[in-house]
Amino acid sequence: MSHHIRKLVTGVLYIFAWSVLGSAVGVSLVGLLSQAVRTSRRRSFKNNIDVLIIIAAYGIVVGIPAPFLSVVTRSNEKKRSLRRWLFA
């Protein structure tokens with residue numbers, strides 16, 4: 001397989017994997033928010049502390065980079081991001 005074709009395939013798979021992950025997180029967030037609104041007394045987003053907690057938790061989880069998104073190269077023992085590792 002040619003080097004350029006391999007880069008193209010890994011790039012497409014990279015984008016696909018992030019799209020699936022983003023979609024899963026989005027569906028999960030919407031489901032939890034709808035559950036928080038449905039179980040509240042007013043059935044509203046207004047003055048709903050559960051909604052605030054869910055949004056804050058997702059912000060923290062998504063905002064902190066996961067350890068598996070960086071790899072250590074054997075040649076220089078320097079950390080590089082997964083994207084750089086795939087396209088190097």
# chains A, B, ... in the order shown; residues from 1 in each chain; ligands from 1
$ residues_around --residues "stretch 49-66 of chain A" --least-positions-apart "3" --cutoff "9 Å" --atoms "only C-alpha atoms" --output "list in words"
Val25, Leu29, Leu32, Leu33, Ser34, Ala36, Val37, Ser40, Phe45, Lys46, Leu69 and Ser70 of chain A
$ atom_distance --atom1 "atom CA of A:Asn48" --atom2 "atom CA of A:Val30"
15.0 Å
$ decode --residues "stretch 13-30 of chain A" --atoms "N, CA, C and O atoms" --output "compact mmCIF listing (two decimals), in the first residue's frame"
# COMPACT_ATOMS: atom_id res chain seq x y z
N LEU A 13 -10.10 7.36 8.92
CA LEU A 13 -10.45 6.60 10.13
C LEU A 13 -10.36 7.48 11.38
O LEU A 13 -11.17 7.35 12.30
N TYR A 14 -9.39 8.36 11.40
CA TYR A 14 -9.22 9.29 12.52
C TYR A 14 -10.45 10.19 12.64
O TYR A 14 -11.02 10.36 13.71
N ILE A 15 -10.86 10.77 11.53
CA ILE A 15 -12.04 11.64 11.52
C ILE A 15 -13.29 10.86 11.89
O ILE A 15 -14.14 11.33 12.66
N PHE A 16 -13.42 9.64 11.37
CA PHE A 16 -14.58 8.81 11.68
C PHE A 16 -14.64 8.48 13.17
O PHE A 16 -15.71 8.55 13.79
N ALA A 17 -13.50 8.12 13.75
CA ALA A 17 -13.46 7.77 15.17
C ALA A 17 -13.87 8.96 16.04
O ALA A 17 -14.65 8.80 16.99
N TRP A 18 -13.37 10.14 15.74
CA TRP A 18 -13.74 11.32 16.50
C TRP A 18 -15.20 11.69 16.29
O TRP A 18 -15.86 12.20 17.21
N SER A 19 -15.72 11.45 15.09
CA SER A 19 -17.13 11.73 14.83
C SER A 19 -18.03 10.80 15.64
O SER A 19 -19.04 11.24 16.21
N VAL A 20 -17.67 9.53 15.70
CA VAL A 20 -18.45 8.57 16.50
C VAL A 20 -18.39 8.94 17.98
O VAL A 20 -19.41 8.94 18.67
N LEU A 21 -17.20 9.27 18.46
CA LEU A 21 -17.04 9.66 19.86
C LEU A 21 -17.84 10.93 20.17
O LEU A 21 -18.54 11.00 21.18
N GLY A 22 -17.76 11.92 19.30
CA GLY A 22 -18.52 13.15 19.51
C GLY A 22 -20.01 12.93 19.50
O GLY A 22 -20.75 13.52 20.30
N SER A 23 -20.46 12.07 18.59
CA SER A 23 -21.90 11.76 18.53
C SER A 23 -22.35 11.04 19.79
O SER A 23 -23.43 11.34 20.33
N ALA A 24 -21.55 10.10 20.28
CA ALA A 24 -21.91 9.37 21.50
C ALA A 24 -21.98 10.31 22.70
O ALA A 24 -22.90 10.22 23.52
N VAL A 25 -21.02 11.20 22.81
CA VAL A 25 -21.03 12.16 23.91
C VAL A 25 -22.24 13.09 23.79
O VAL A 25 -22.91 13.39 24.78
N GLY A 26 -22.55 13.53 22.58
CA GLY A 26 -23.69 14.41 22.37
C GLY A 26 -25.01 13.75 22.73
O GLY A 26 -25.86 14.35 23.40
N VAL A 27 -25.20 12.51 22.29
CA VAL A 27 -26.43 11.79 22.60
C VAL A 27 -26.54 11.56 24.11
O VAL A 27 -27.62 11.70 24.70
N SER A 28 -25.42 11.21 24.73
CA SER A 28 -25.41 11.00 26.18
C SER A 28 -25.77 12.29 26.92
O SER A 28 -26.57 12.27 27.87
N LEU A 29 -25.20 13.40 26.50
CA LEU A 29 -25.48 14.68 27.15
C LEU A 29 -26.95 15.07 27.00
O LEU A 29 -27.60 15.46 27.97
N VAL A 30 -27.48 14.93 25.81
CA VAL A 30 -28.89 15.27 25.58
C VAL A 30 -29.80 14.36 26.41
O VAL A 30 -30.78 14.82 27.00
